[in-house]
>>> print(open('model.cif').read())   # mmCIF, C-alpha atoms
data_entry
loop_
_atom_site.label_atom_id
_atom_site.label_comp_id
_atom_site.auth_asym_id
_atom_site.auth_seq_id
_atom_site.Cartn_x
_atom_site.Cartn_y
_atom_site.Cartn_z
CA MET A 24 0.00 0.00 0.00
CA SER A 25 1.27 3.46 -0.92
CA TRP A 26 1.07 6.16 1.71
CA LEU A 27 1.01 8.85 -0.98
CA ARG A 28 -1.99 10.21 -2.83
CA ASP A 29 -0.87 12.57 -5.59
CA ARG A 30 -2.94 14.95 -7.68
CA LYS A 31 -3.69 12.39 -10.39
CA ALA A 32 -4.98 9.91 -7.84
CA TYR A 33 -7.21 12.57 -6.30
CA GLU A 34 -8.53 13.53 -9.75
CA GLN A 35 -9.39 9.88 -10.42
CA GLU A 36 -11.23 9.71 -7.09
CA GLU A 37 -13.26 12.79 -8.11
CA LEU A 38 -14.29 11.18 -11.39
CA ALA A 39 -15.63 8.18 -9.47
CA ARG A 40 -17.11 10.00 -6.48
CA LEU A 41 -18.64 13.24 -7.76
CA ALA A 42 -21.99 13.64 -9.51
CA PRO A 43 -22.00 13.79 -13.34
CA CYS A 44 -22.98 17.48 -13.15
CA ALA A 45 -20.19 18.39 -10.69
CA VAL A 46 -17.06 20.19 -11.86
CA LYS A 47 -14.08 17.83 -12.04
CA SER A 48 -10.60 19.18 -11.35
CA ALA A 49 -9.10 17.24 -14.25
CA GLU A 50 -11.63 18.83 -16.64
CA SER A 51 -11.04 22.47 -15.66
CA ARG A 52 -11.12 24.99 -18.48
CA GLY A 53 -7.78 26.26 -17.23
CA ARG A 54 -6.19 29.54 -16.21
CA LEU A 55 -5.61 32.82 -18.03
CA GLU A 56 -1.89 32.02 -18.00
CA GLY A 57 -0.72 28.45 -18.41
CA GLU A 58 1.08 26.92 -15.42
CA ALA A 59 2.60 23.57 -14.61
CA GLU A 60 0.36 21.36 -12.48
CA HIS A 61 1.16 20.75 -8.82
CA LEU A 62 2.24 17.27 -7.78
CA TYR A 63 -0.19 16.92 -4.85
CA ARG A 64 -2.85 19.62 -5.18
CA THR A 65 -5.68 19.91 -7.70
CA VAL A 66 -6.30 23.16 -9.55
CA PHE A 67 -9.15 24.15 -7.21
CA GLN A 68 -7.16 23.36 -4.10
CA ARG A 69 -4.46 25.68 -5.45
CA ASP A 70 -7.09 28.38 -6.10
CA ARG A 71 -8.31 28.08 -2.51
CA ASP A 72 -4.78 28.32 -1.14
CA ARG A 73 -3.90 31.33 -3.29
CA ILE A 74 -6.99 33.11 -2.02
CA VAL A 75 -6.29 32.39 1.65
CA HIS A 76 -2.68 33.60 1.36
CA CYS A 77 -3.39 36.89 -0.46
CA ARG A 78 -3.52 40.32 1.14
CA ALA A 79 -7.10 41.06 0.14
CA PHE A 80 -8.27 38.02 2.10
CA ARG A 81 -6.38 39.10 5.23
CA ARG A 82 -7.87 42.59 5.05
CA LEU A 83 -11.38 41.14 5.41
CA GLU A 84 -10.74 40.90 9.15
CA TYR A 85 -11.06 44.67 9.45
CA LYS A 86 -13.94 45.23 7.03
CA THR A 87 -17.51 45.78 8.24
CA GLN A 88 -20.24 43.18 8.10
CA VAL A 89 -22.86 45.27 9.94
CA PHE A 90 -20.98 46.76 12.90
CA VAL A 91 -17.71 48.66 12.45
CA HIS A 92 -14.80 46.87 14.18
CA HIS A 93 -14.53 49.25 17.15
CA GLU A 94 -18.13 48.57 18.23
CA GLY A 95 -17.24 45.20 19.77
CA ASP A 96 -14.93 42.23 19.49
CA HIS A 97 -17.69 39.62 19.23
CA TYR A 98 -19.56 40.95 16.19
CA ARG A 99 -18.96 39.41 12.78
CA ASN A 100 -16.64 41.04 10.28
CA ARG A 101 -16.15 40.21 6.61
CA LEU A 102 -13.58 37.54 7.40
CA THR A 103 -15.67 35.67 9.96
CA HIS A 104 -18.65 35.96 7.62
CA THR A 105 -16.55 34.49 4.82
CA LEU A 106 -15.40 31.58 6.97
CA GLU A 107 -18.95 30.80 8.11
CA GLY A 108 -20.16 30.90 4.51
CA ALA A 109 -17.34 28.65 3.32
CA GLN A 110 -18.16 26.10 6.01
CA ILE A 111 -21.79 25.97 4.87
CA GLY A 112 -20.73 25.82 1.23
CA ARG A 113 -18.54 22.80 1.93
CA THR A 114 -21.45 21.05 3.67
CA LEU A 115 -23.77 21.66 0.71
CA ALA A 116 -21.20 20.52 -1.83
CA ARG A 117 -20.25 17.40 0.13
CA ALA A 118 -23.85 16.27 0.61
CA LEU A 119 -24.74 16.83 -3.07
CA ARG A 120 -21.57 15.15 -4.44
CA LEU A 121 -20.24 18.40 -5.87
CA ASN A 122 -16.65 19.62 -5.93
CA GLU A 123 -16.10 20.74 -2.37
CA ASP A 124 -12.75 22.43 -3.11
CA LEU A 125 -14.26 24.60 -5.85
CA ALA A 126 -17.26 25.61 -3.74
CA GLU A 127 -14.89 26.51 -0.91
CA ALA A 128 -12.60 28.57 -3.16
CA ILE A 129 -15.55 30.58 -4.48
CA ALA A 130 -16.99 31.14 -1.00
CA LEU A 131 -13.64 32.24 0.42
CA SER A 132 -13.05 34.76 -2.37
CA HIS A 133 -16.54 36.16 -2.90
CA ASP A 134 -16.22 39.25 -0.67
CA MET A 135 -12.59 40.26 -1.34
CA GLY A 136 -13.83 43.15 -3.48
CA HIS A 137 -15.94 44.63 -0.68
CA THR A 138 -15.21 48.19 0.32
CA PRO A 139 -14.57 49.39 3.85
CA PHE A 140 -17.82 49.80 5.79
CA GLY A 141 -19.62 47.12 3.80
CA HIS A 142 -22.50 48.05 1.52
CA ALA A 143 -22.38 51.69 2.63
CA GLY A 144 -18.98 52.11 0.99
CA GLU A 145 -20.11 50.15 -2.04
CA ARG A 146 -23.12 52.43 -2.59
CA VAL A 147 -20.93 55.53 -2.48
CA LEU A 148 -18.36 54.19 -4.95
CA ALA A 149 -21.14 52.98 -7.27
CA GLU A 150 -22.54 56.51 -7.37
CA LEU A 151 -19.15 58.19 -7.77
CA MET A 152 -18.15 55.78 -10.57
CA ARG A 153 -21.49 55.71 -12.40
CA ASN A 154 -20.01 57.43 -15.48
CA GLU A 155 -16.85 55.31 -15.39
CA GLY A 156 -18.36 51.84 -15.68
CA GLY A 157 -19.83 51.65 -12.18
CA PHE A 158 -18.77 49.67 -9.14
CA ASP A 159 -20.00 46.55 -7.35
CA HIS A 160 -18.19 44.22 -5.02
CA ASN A 161 -18.54 41.13 -7.23
CA ARG A 162 -16.92 42.92 -10.12
CA GLN A 163 -14.28 44.28 -7.75
CA THR A 164 -13.49 40.80 -6.48
CA LEU A 165 -12.72 39.74 -10.05
CA ARG A 166 -10.47 42.81 -10.40
CA VAL A 167 -8.70 41.81 -7.19
CA VAL A 168 -7.97 38.24 -8.27
CA ASP A 169 -7.21 39.11 -11.91
CA LEU A 170 -5.34 42.38 -11.58
CA LEU A 171 -4.71 43.91 -8.17
CA GLU A 172 -2.99 41.15 -6.21
CA GLU A 173 0.74 41.03 -7.01
CA ARG A 174 2.27 37.72 -5.91
CA TYR A 175 3.65 36.04 -9.02
CA PRO A 176 6.16 36.88 -11.76
CA GLY A 177 4.92 37.20 -15.31
CA PHE A 178 1.28 38.12 -14.70
CA ARG A 179 -0.97 40.32 -12.59
CA GLY A 180 -3.41 38.79 -10.12
CA LEU A 181 -3.72 35.25 -8.77
CA ASN A 182 -4.31 33.51 -12.12
CA LEU A 183 -7.25 31.50 -10.80
CA THR A 184 -9.09 28.88 -12.83
CA SER A 185 -11.97 29.80 -15.10
CA GLU A 186 -14.40 27.92 -12.84
CA THR A 187 -13.45 29.86 -9.71
CA ARG A 188 -13.62 33.14 -11.63
CA GLU A 189 -17.02 32.13 -13.02
CA GLY A 190 -18.22 31.59 -9.46
CA ILE A 191 -16.96 35.02 -8.38
CA LEU A 192 -18.70 36.77 -11.27
CA LYS A 193 -22.16 36.57 -9.77
CA HIS A 194 -24.25 38.67 -12.15
CA GLY A 195 -22.46 38.26 -15.48
CA CYS A 196 -20.25 40.87 -17.11
CA HIS A 197 -21.53 43.95 -18.90
CA TRP A 198 -18.54 46.18 -18.25
CA SER A 199 -14.98 46.53 -19.46
CA HIS A 200 -12.46 44.11 -17.94
CA PRO A 201 -8.85 44.05 -19.15
CA VAL A 202 -8.67 40.25 -19.46
CA ALA A 203 -11.00 37.56 -20.82
CA VAL A 204 -14.06 36.98 -18.63
CA PRO A 205 -15.54 33.48 -18.12
CA GLY A 206 -18.99 33.12 -19.63
CA TRP A 207 -22.11 30.98 -19.26
CA ARG A 208 -25.53 31.03 -20.89
CA HIS A 209 -28.08 30.83 -18.09
CA GLN A 210 -26.54 29.48 -14.86
CA ARG A 211 -23.15 29.02 -13.32
CA SER A 212 -21.91 25.70 -11.98
CA LEU A 213 -23.69 24.04 -9.07
CA GLU A 214 -20.60 24.76 -6.96
CA ALA A 215 -21.05 28.49 -7.64
CA GLN A 216 -24.74 28.21 -6.78
CA ALA A 217 -23.81 26.42 -3.54
CA ALA A 218 -21.43 29.24 -2.60
CA ASP A 219 -24.18 31.82 -3.21
CA VAL A 220 -26.78 30.03 -1.12
CA ALA A 221 -24.22 29.41 1.63
CA ASP A 222 -23.42 33.13 1.67
CA GLU A 223 -27.10 33.95 2.11
CA ILE A 224 -27.62 31.40 4.88
CA ALA A 225 -24.52 32.62 6.69
CA TYR A 226 -25.26 36.33 6.68
CA THR A 227 -28.96 35.95 7.44
CA ASN A 228 -28.21 33.92 10.54
CA HIS A 229 -25.16 35.69 11.87
CA ASP A 230 -26.69 39.13 11.28
CA LEU A 231 -29.71 37.94 13.23
CA ASP A 232 -27.39 36.68 15.97
CA ASP A 233 -25.45 39.97 16.07
CA GLY A 234 -28.68 41.95 16.10
CA LEU A 235 -29.87 40.03 19.15
CA HIS A 236 -26.48 40.30 20.86
CA SER A 237 -26.45 44.07 20.32
CA GLY A 238 -29.88 44.54 21.89
CA ILE A 239 -31.30 46.12 18.73
CA LEU A 240 -33.41 42.98 18.29
CA ASN A 241 -35.04 40.80 20.93
CA PRO A 242 -36.64 37.34 20.71
CA GLU A 243 -40.16 38.70 21.23
CA MET A 244 -39.86 40.70 17.97
CA LEU A 245 -39.28 37.45 16.06
CA GLU A 246 -42.19 35.38 17.33
CA ASP A 247 -44.30 35.90 14.18
CA LEU A 248 -41.55 34.50 11.92
CA THR A 249 -42.09 30.80 11.20
CA LEU A 250 -38.41 29.96 10.76
CA TRP A 251 -37.43 31.56 14.06
CA ARG A 252 -40.37 30.13 16.00
CA GLU A 253 -39.76 26.56 14.81
CA ALA A 254 -36.01 26.82 15.43
CA ARG A 255 -36.61 28.16 18.93
CA GLU A 256 -38.97 25.26 19.68
CA ARG A 257 -36.24 22.82 18.70
CA ALA A 258 -33.75 24.70 20.88
CA LEU A 259 -36.06 24.54 23.90
CA GLU A 260 -36.16 20.76 23.56
CA ARG A 261 -32.45 20.75 24.40
CA VAL A 262 -31.87 23.60 26.88
CA SER A 263 -33.73 25.31 29.69
CA ALA A 264 -35.80 28.38 28.89
CA ASP A 265 -34.19 30.03 31.94
CA ASP A 266 -30.87 30.31 30.09
CA GLU A 267 -31.84 32.83 27.41
CA PRO A 268 -28.31 33.38 25.98
CA LEU A 269 -27.95 29.62 25.42
CA VAL A 270 -31.47 29.40 23.98
CA ARG A 271 -30.57 32.15 21.52
CA THR A 272 -27.37 30.42 20.46
CA GLN A 273 -29.09 27.05 20.07
CA THR A 274 -31.90 28.69 18.09
CA ILE A 275 -29.42 30.12 15.60
CA ILE A 276 -27.76 26.70 15.29
CA ALA A 277 -31.14 25.05 14.72
CA LEU A 278 -32.07 27.66 12.14
CA ILE A 279 -28.85 27.19 10.16
CA ASN A 280 -29.32 23.43 10.25
CA ALA A 281 -32.93 23.72 9.05
CA LEU A 282 -31.99 25.96 6.11
CA VAL A 283 -29.01 23.83 5.07
CA THR A 284 -31.07 20.63 5.30
CA ASP A 285 -33.85 22.17 3.22
CA VAL A 286 -31.42 23.24 0.48
CA ILE A 287 -29.78 19.79 0.34
CA GLU A 288 -33.04 17.86 0.19
CA SER A 289 -34.81 20.26 -2.19
CA THR A 290 -31.83 20.38 -4.54
CA ALA A 291 -31.50 16.58 -4.53
CA LYS A 292 -35.14 16.32 -5.66
CA ARG A 293 -34.60 18.83 -8.47
CA LEU A 294 -31.46 17.06 -9.66
CA ALA A 295 -33.26 13.70 -9.60
CA ARG A 296 -36.01 15.18 -11.76
CA VAL A 297 -33.77 17.00 -14.26
CA GLU A 298 -30.71 14.71 -14.14
CA PRO A 299 -28.27 17.14 -15.80
CA PRO A 300 -25.60 14.94 -17.40
CA SER A 301 -22.78 17.50 -17.29
CA VAL A 302 -21.62 20.90 -16.04
CA ASP A 303 -22.53 22.40 -19.41
CA ALA A 304 -26.07 21.07 -19.01
CA VAL A 305 -26.27 22.91 -15.67
CA ARG A 306 -25.13 26.12 -17.37
CA GLU A 307 -27.88 25.71 -19.99
CA THR A 308 -30.64 25.27 -17.37
CA ALA A 309 -33.07 28.19 -17.33
CA GLU A 310 -33.51 28.33 -13.54
CA PRO A 311 -31.06 27.62 -10.69
CA LEU A 312 -31.08 23.99 -9.65
CA LEU A 313 -29.65 24.53 -6.19
CA GLY A 314 -31.80 26.31 -3.63
CA PHE A 315 -34.58 26.28 -1.08
CA SER A 316 -37.97 24.66 -1.29
CA GLU A 317 -40.76 27.07 -2.15
CA GLN A 318 -42.14 27.10 1.39
CA THR A 319 -38.78 27.65 3.09
CA GLY A 320 -37.75 30.16 0.45
CA ASP A 321 -40.84 32.27 1.19
CA ALA A 322 -40.20 32.06 4.95
CA LYS A 323 -36.56 33.03 4.41
CA ILE A 324 -37.64 36.12 2.43
CA ARG A 325 -39.86 37.19 5.33
CA LEU A 326 -36.92 36.81 7.72
CA LYS A 327 -34.68 38.92 5.47
CA ARG A 328 -37.35 41.62 5.23
CA PHE A 329 -37.58 41.65 9.01
CA LEU A 330 -33.81 42.18 9.26
CA SER A 331 -33.94 44.97 6.70
CA ASP A 332 -36.76 46.79 8.47
CA ASN A 333 -35.66 46.28 12.07
CA PHE A 334 -31.88 45.88 11.98
CA TYR A 335 -30.12 47.20 8.87
CA HIS A 336 -32.15 50.42 8.95
CA HIS A 337 -32.15 50.86 12.72
CA PRO A 338 -31.00 54.38 13.76
CA ARG A 339 -27.91 52.97 15.49
CA VAL A 340 -26.82 51.15 12.35
CA ARG A 341 -27.86 54.00 10.06
CA GLY A 342 -25.81 56.48 12.08
CA ALA A 343 -22.65 54.46 11.50
CA THR A 344 -23.61 54.01 7.85
CA GLU A 345 -23.95 57.75 7.25
CA ARG A 346 -20.58 58.39 8.86
CA ALA A 347 -19.02 55.70 6.66
CA GLU A 348 -20.54 57.19 3.50
CA LEU A 349 -19.07 60.58 4.37
CA ILE A 350 -15.59 59.08 4.89
CA VAL A 351 -15.61 57.34 1.50
CA LYS A 352 -16.88 60.47 -0.29
CA ASP A 353 -14.21 62.62 1.34
CA LEU A 354 -11.43 60.19 0.47
CA PHE A 355 -12.50 59.95 -3.17
CA ARG A 356 -12.70 63.73 -3.51
CA ALA A 357 -9.32 64.21 -1.85
CA TYR A 358 -7.61 61.75 -4.21
CA VAL A 359 -9.25 63.28 -7.29
CA GLU A 360 -8.14 66.76 -6.25
CA ASN A 361 -4.64 65.62 -5.32
CA PRO A 362 -3.58 62.25 -6.83
CA SER A 363 -0.15 62.64 -5.21
CA LEU A 364 -1.83 61.51 -1.97
CA LEU A 365 -2.16 58.03 -3.46
CA PRO A 366 0.49 55.42 -2.60
CA ASP A 367 3.06 54.71 -5.32
CA ARG A 368 1.44 51.48 -6.51
CA ALA A 369 -1.96 53.11 -6.86
CA ARG A 370 -0.45 56.03 -8.79
CA ASP A 371 1.34 53.59 -11.09
CA ARG A 372 -2.01 52.02 -11.98
CA CYS A 373 -3.54 55.36 -12.98
CA GLU A 374 -1.96 55.17 -16.43
CA GLN A 375 -2.94 51.53 -16.95
CA ASP A 376 -6.44 51.56 -15.52
CA GLY A 377 -7.45 55.23 -15.53
CA GLU A 378 -7.18 57.64 -12.62
CA LEU A 379 -10.72 57.26 -11.28
CA ARG A 380 -10.64 53.47 -11.49
CA ALA A 381 -7.27 53.39 -9.72
CA ILE A 382 -8.70 55.61 -6.98
CA ALA A 383 -11.76 53.36 -6.61
CA ASP A 384 -9.49 50.29 -6.46
CA HIS A 385 -7.39 51.88 -3.73
CA ILE A 386 -10.35 52.94 -1.59
CA ALA A 387 -12.11 49.59 -2.05
CA GLY A 388 -9.03 47.81 -0.75
CA MET A 389 -8.94 49.80 2.49
CA THR A 390 -9.95 48.33 5.82
CA ASP A 391 -12.35 50.27 8.02
CA ARG A 392 -9.66 51.43 10.41
CA TYR A 393 -7.22 52.40 7.65
CA ALA A 394 -9.93 54.40 5.89
CA MET A 395 -10.70 56.23 9.15
CA GLU A 396 -7.01 56.86 9.76
CA VAL A 397 -6.37 58.23 6.27
CA HIS A 398 -9.57 60.26 6.41
CA GLY A 399 -8.34 61.92 9.60
CA GLU A 400 -5.05 62.81 7.90
CA VAL A 401 -6.74 64.14 4.78
CA THR A 402 -9.31 66.23 6.63
CA ARG A 403 -6.67 67.68 8.97
CA GLY A 404 -4.58 68.61 5.96
CA SER A 405 -7.49 70.40 4.30
CA ARG A 406 -8.22 72.70 7.22
#
>>> encode(input="model.cif", output="structure tokens")
Amino acid sequence: MSWLRDRKAYEQEELARLAPCAVKSAESRGRLEGEAEHLYRTVFQRDRDRIVHCRAFRRLEYKTQVFVHHEGDHYRNRLTHTLEGAQIGRTLARALRLNEDLAEAIALSHDMGHTPFGHAGERVLAELMRNEGGFDHNRQTLRVVDLLEERYPGFRGLNLTSETREGILKHGCHWSHPVAVPGWRHQRSLEAQAADVADEIAYTNHDLDDGLHSGILNPEMLEDLTLWREARERALERVSADDEPLVRTQTIIALINALVTDVIESTAKRLARVEPPSVDAVRETAEPLLGFSEQTGDAKIRLKRFLSDNFYHHPRVRGATERAELIVKDLFRAYVENPSLLPDRARDRCEQDGELRAIADHIAGMTDRYAMEVHGEVTRGSR
């Protein structure tokens, strides 16, 4: 018996183990720049590792999910959100015989294009760049992995596989991108769909948890929501109602488990009915194959609406959001008026990518605390 399992052996295992409609490592459409294969890692394992080791991934630790980092050590940030989403994505992929490494790579990379201060920063840059091709964090993630990371000789970016890049590019591409963009007709791979659903399950549940922990939400407000009520009933079967913090934690766990289970079982039924014979057949399918049942999907929408009305737009959250929007606007204006304030690498990209795009790239890459620090320096200098 050999103690070694090399890449080729792992690829053969995938061909035998994964569903016909799963993406196989040995059948990848390749990278923008050709590279020699690794002896022990598949192409998607290499993608995952390149993502985890890049600077944009590390910066997620200090980027807002809902609460800015200084509001408390126990609230989620973009990095913890990403890790929770990747864990759920792996579970979905494993249960449905999909490529777990690809789903994980997509989930780990999906938010690397997010601005400081979360969607508040994104909204500001989208408005400021509306005449320059626009801005959204999915597009920006593709710019990060294709262009902005500098770790290898001979090419810009991380040189990820077409399948990982396809998964990142959530809404298709209708804007200028300096390198070839992966395409599909109707749907992306099931692994990309798994990463999307995992992202939604993760942020819905941990934002709910953070909202309760902050005191902005309380359990009584949630009693009319079917998903919460049923999850709480399951939690109370395990722990005493006298220990409310533990009940809350166990309710969140039960809710995540219920949503993940529903996606797995509902998707398995759809796949059994359609039986897509290949990844290309998945891409040609009119509607997503991976997702919630109709009943759970409707209940999940009601939960998300509740969070929007009672948490995301709460005065405490909105106050921080308005401050964040002001910081991003001020930084953009300062760099436009005086590009010499940009670091050398950002200035170097002005000629290649255009001044406004280089400024947007630089601001989008900032962490919350760095943006606040630079904003303080810029505003002091303008007095």
>>> closest_residue(input="model.cif", among="A:Lys323, A:Arg356, A:Arg252, A:Arg71", to="Thr402 of chain A", atoms="only C-alpha atoms")
A:Arg356
>>> resolve_selection(input="model.cif", expression="the PyMOL selection byres ((chain A and resi 158-166) around 10)", output="number ranges by chain")
A: 79, 132-138, 141-142, 144-153, 155-157, 167-172, 180, 183, 187-198, 200-202, 204, 380, 383-384, 387-388
>>> closest_residue(input="model.cif", among="A:Glu256, A:Glu173, A:Asp303, A:Asp265", to="Leu278 of chain A", atoms="all atoms listed in the file")
A:Glu256
>>> residues_around(input="model.cif", residues="segment 285-302 of chain A", least_positions_apart="4", cutoff="12 Å", atoms="all atoms listed in the file", output="PDB file with C-alpha atoms, keeping the file's coordinate frame")
ATOM      1  CA  LEU A  41     -18.640  13.240  -7.760  1.00  0.00           C
ATOM      2  CA  ALA A  42     -21.990  13.640  -9.510  1.00  0.00           C
ATOM      3  CA  PRO A  43     -22.000  13.790 -13.340  1.00  0.00           C
ATOM      4  CA  CYS A  44     -22.980  17.480 -13.150  1.00  0.00           C
ATOM      5  CA  ALA A  45     -20.190  18.390 -10.690  1.00  0.00           C
ATOM      6  CA  VAL A  46     -17.060  20.190 -11.860  1.00  0.00           C
ATOM      7  CA  LYS A  47     -14.080  17.830 -12.040  1.00  0.00           C
ATOM      8  CA  GLU A  50     -11.630  18.830 -16.640  1.00  0.00           C
ATOM      9  CA  SER A  51     -11.040  22.470 -15.660  1.00  0.00           C
ATOM     10  CA  ARG A  52     -11.120  24.990 -18.480  1.00  0.00           C
ATOM     11  CA  ILE A 111     -21.790  25.970   4.870  1.00  0.00           C
ATOM     12  CA  GLY A 112     -20.730  25.820   1.230  1.00  0.00           C
ATOM     13  CA  ARG A 113     -18.540  22.800   1.930  1.00  0.00           C
ATOM     14  CA  THR A 114     -21.450  21.050   3.670  1.00  0.00           C
ATOM     15  CA  LEU A 115     -23.770  21.660   0.710  1.00  0.00           C
ATOM     16  CA  ALA A 116     -21.200  20.520  -1.830  1.00  0.00           C
ATOM     17  CA  ARG A 117     -20.250  17.400   0.130  1.00  0.00           C
ATOM     18  CA  ALA A 118     -23.850  16.270   0.610  1.00  0.00           C
ATOM     19  CA  LEU A 119     -24.740  16.830  -3.070  1.00  0.00           C
ATOM     20  CA  ARG A 120     -21.570  15.150  -4.440  1.00  0.00           C
ATOM     21  CA  LEU A 121     -20.240  18.400  -5.870  1.00  0.00           C
ATOM     22  CA  ASN A 122     -16.650  19.620  -5.930  1.00  0.00           C
ATOM     23  CA  GLU A 186     -14.400  27.920 -12.840  1.00  0.00           C
ATOM     24  CA  TRP A 207     -22.110  30.980 -19.260  1.00  0.00           C
ATOM     25  CA  ARG A 208     -25.530  31.030 -20.890  1.00  0.00           C
ATOM     26  CA  GLN A 210     -26.540  29.480 -14.860  1.00  0.00           C
ATOM     27  CA  ARG A 211     -23.150  29.020 -13.320  1.00  0.00           C
ATOM     28  CA  SER A 212     -21.910  25.700 -11.980  1.00  0.00           C
ATOM     29  CA  LEU A 213     -23.690  24.040  -9.070  1.00  0.00           C
ATOM     30  CA  GLU A 214     -20.600  24.760  -6.960  1.00  0.00           C
ATOM     31  CA  ALA A 215     -21.050  28.490  -7.640  1.00  0.00           C
ATOM     32  CA  GLN A 216     -24.740  28.210  -6.780  1.00  0.00           C
ATOM     33  CA  ALA A 217     -23.810  26.420  -3.540  1.00  0.00           C
ATOM     34  CA  ASP A 219     -24.180  31.820  -3.210  1.00  0.00           C
ATOM     35  CA  VAL A 220     -26.780  30.030  -1.120  1.00  0.00           C
ATOM     36  CA  ALA A 221     -24.220  29.410   1.630  1.00  0.00           C
ATOM     37  CA  GLU A 223     -27.100  33.950   2.110  1.00  0.00           C
ATOM     38  CA  ILE A 224     -27.620  31.400   4.880  1.00  0.00           C
ATOM     39  CA  LEU A 250     -38.410  29.960  10.760  1.00  0.00           C
ATOM     40  CA  LEU A 278     -32.070  27.660  12.140  1.00  0.00           C
ATOM     41  CA  ILE A 279     -28.850  27.190  10.160  1.00  0.00           C
ATOM     42  CA  ASN A 280     -29.320  23.430  10.250  1.00  0.00           C
ATOM     43  CA  ALA A 281     -32.930  23.720   9.050  1.00  0.00           C
ATOM     44  CA  ARG A 306     -25.130  26.120 -17.370  1.00  0.00           C
ATOM     45  CA  GLU A 307     -27.880  25.710 -19.990  1.00  0.00           C
ATOM     46  CA  THR A 308     -30.640  25.270 -17.370  1.00  0.00           C
ATOM     47  CA  ALA A 309     -33.070  28.190 -17.330  1.00  0.00           C
ATOM     48  CA  GLU A 310     -33.510  28.330 -13.540  1.00  0.00           C
ATOM     49  CA  PRO A 311     -31.060  27.620 -10.690  1.00  0.00           C
ATOM     50  CA  LEU A 312     -31.080  23.990  -9.650  1.00  0.00           C
ATOM     51  CA  LEU A 313     -29.650  24.530  -6.190  1.00  0.00           C
ATOM     52  CA  GLY A 314     -31.800  26.310  -3.630  1.00  0.00           C
ATOM     53  CA  PHE A 315     -34.580  26.280  -1.080  1.00  0.00           C
ATOM     54  CA  SER A 316     -37.970  24.660  -1.290  1.00  0.00           C
ATOM     55  CA  GLU A 317     -40.760  27.070  -2.150  1.00  0.00           C
ATOM     56  CA  GLN A 318     -42.140  27.100   1.390  1.00  0.00           C
ATOM     57  CA  THR A 319     -38.780  27.650   3.090  1.00  0.00           C
ATOM     58  CA  GLY A 320     -37.750  30.160   0.450  1.00  0.00           C
ATOM     59  CA  ALA A 322     -40.200  32.060   4.950  1.00  0.00           C
ATOM     60  CA  LYS A 323     -36.560  33.030   4.410  1.00  0.00           C
TER      61      LYS A 323
END
>>> resolve_selection(input="model.cif", expression="the PyMOL selection byres ((chain A and resi 66) around 9)", output="number ranges by chain")
A: 48-49, 51, 53, 60-61, 64-65, 67-71, 125, 183-184
>>> write_last_selection(input="model.cif", atoms="C-alpha atoms", output="PDB file, in the coordinates of the input")
ATOM      1  CA  SER A  48     -10.600  19.180 -11.350  1.00  0.00           C
ATOM      2  CA  ALA A  49      -9.100  17.240 -14.250  1.00  0.00           C
ATOM      3  CA  SER A  51     -11.040  22.470 -15.660  1.00  0.00           C
ATOM      4  CA  GLY A  53      -7.780  26.260 -17.230  1.00  0.00           C
ATOM      5  CA  GLU A  60       0.360  21.360 -12.480  1.00  0.00           C
ATOM      6  CA  HIS A  61       1.160  20.750  -8.820  1.00  0.00           C
ATOM      7  CA  ARG A  64      -2.850  19.620  -5.180  1.00  0.00           C
ATOM      8  CA  THR A  65      -5.680  19.910  -7.700  1.00  0.00           C
ATOM      9  CA  PHE A  67      -9.150  24.150  -7.210  1.00  0.00           C
ATOM     10  CA  GLN A  68      -7.160  23.360  -4.100  1.00  0.00           C
ATOM     11  CA  ARG A  69      -4.460  25.680  -5.450  1.00  0.00           C
ATOM     12  CA  ASP A  70      -7.090  28.380  -6.100  1.00  0.00           C
ATOM     13  CA  ARG A  71      -8.310  28.080  -2.510  1.00  0.00           C
ATOM     14  CA  LEU A 125     -14.260  24.600  -5.850  1.00  0.00           C
ATOM     15  CA  LEU A 183      -7.250  31.500 -10.800  1.00  0.00           C
ATOM     16  CA  THR A 184      -9.090  28.880 -12.830  1.00  0.00           C
TER      17      THR A 184
END
>>> atom_distance(input="model.cif", atom1="atom CA of Glu243 of chain A", atom2="atom CA of His97 of chain A")
22.6 Å
>>> atom_distance(input="model.cif", atom1="atom CA of Val270 of chain A", atom2="atom CA of Trp251 of chain A")
11.8 Å
>>> atom_distance(input="model.cif", atom1="atom CA of Ala394 of chain A", atom2="atom CA of Leu235 of chain A")
27.9 Å
>>> closest_residue(input="model.cif", among="A:Phe329, A:Tyr85, A:Tyr226, A:Tyr175", to="Met244 of chain A", atoms="all atoms listed in the file")
A:Phe329
>>> closest_residue(input="model.cif", among="A:Gly238, A:Pro139, A:Pro362, A:Pro176", to="Arg101 of chain A", atoms="all atoms listed in the file")
A:Pro139
>>> resolve_selection(input="model.cif", expression="the PyMOL selection byres ((chain A and resi 127) around 8)", output="count of residues only")
14
>>> closest_residue(input="model.cif", among="A:Leu62, A:Glu56, A:Val283, A:Lys31", to="Gly108 of chain A", atoms="only C-alpha atoms")
A:Val283
>>> residues_around(input="model.cif", residues="Tyr63 of chain A", least_positions_apart="5", cutoff="12 Å", atoms="all atoms listed in the file", output="ChimeraX atom specification")
/A:27-34,68-69
>>> closest_residue(input="model.cif", among="A:Ala59, A:Ala143, A:Ala203, A:Ala264", to="Arg346 of chain A", atoms="all atoms listed in the file")
A:Ala143
>>> residues_near_point(input="model.cif", point="(-9.5, 38.8, 7.7)", cutoff="10 Å", atoms="all atoms listed in the file", output="list in words")
Val75, Arg78, Ala79, Phe80, Arg81, Arg82, Leu83, Glu84, Tyr85, Lys86, Asn100, Arg101, Leu102, Thr103, His104, Thr105, Leu106, Met135 and Thr390 of chain A
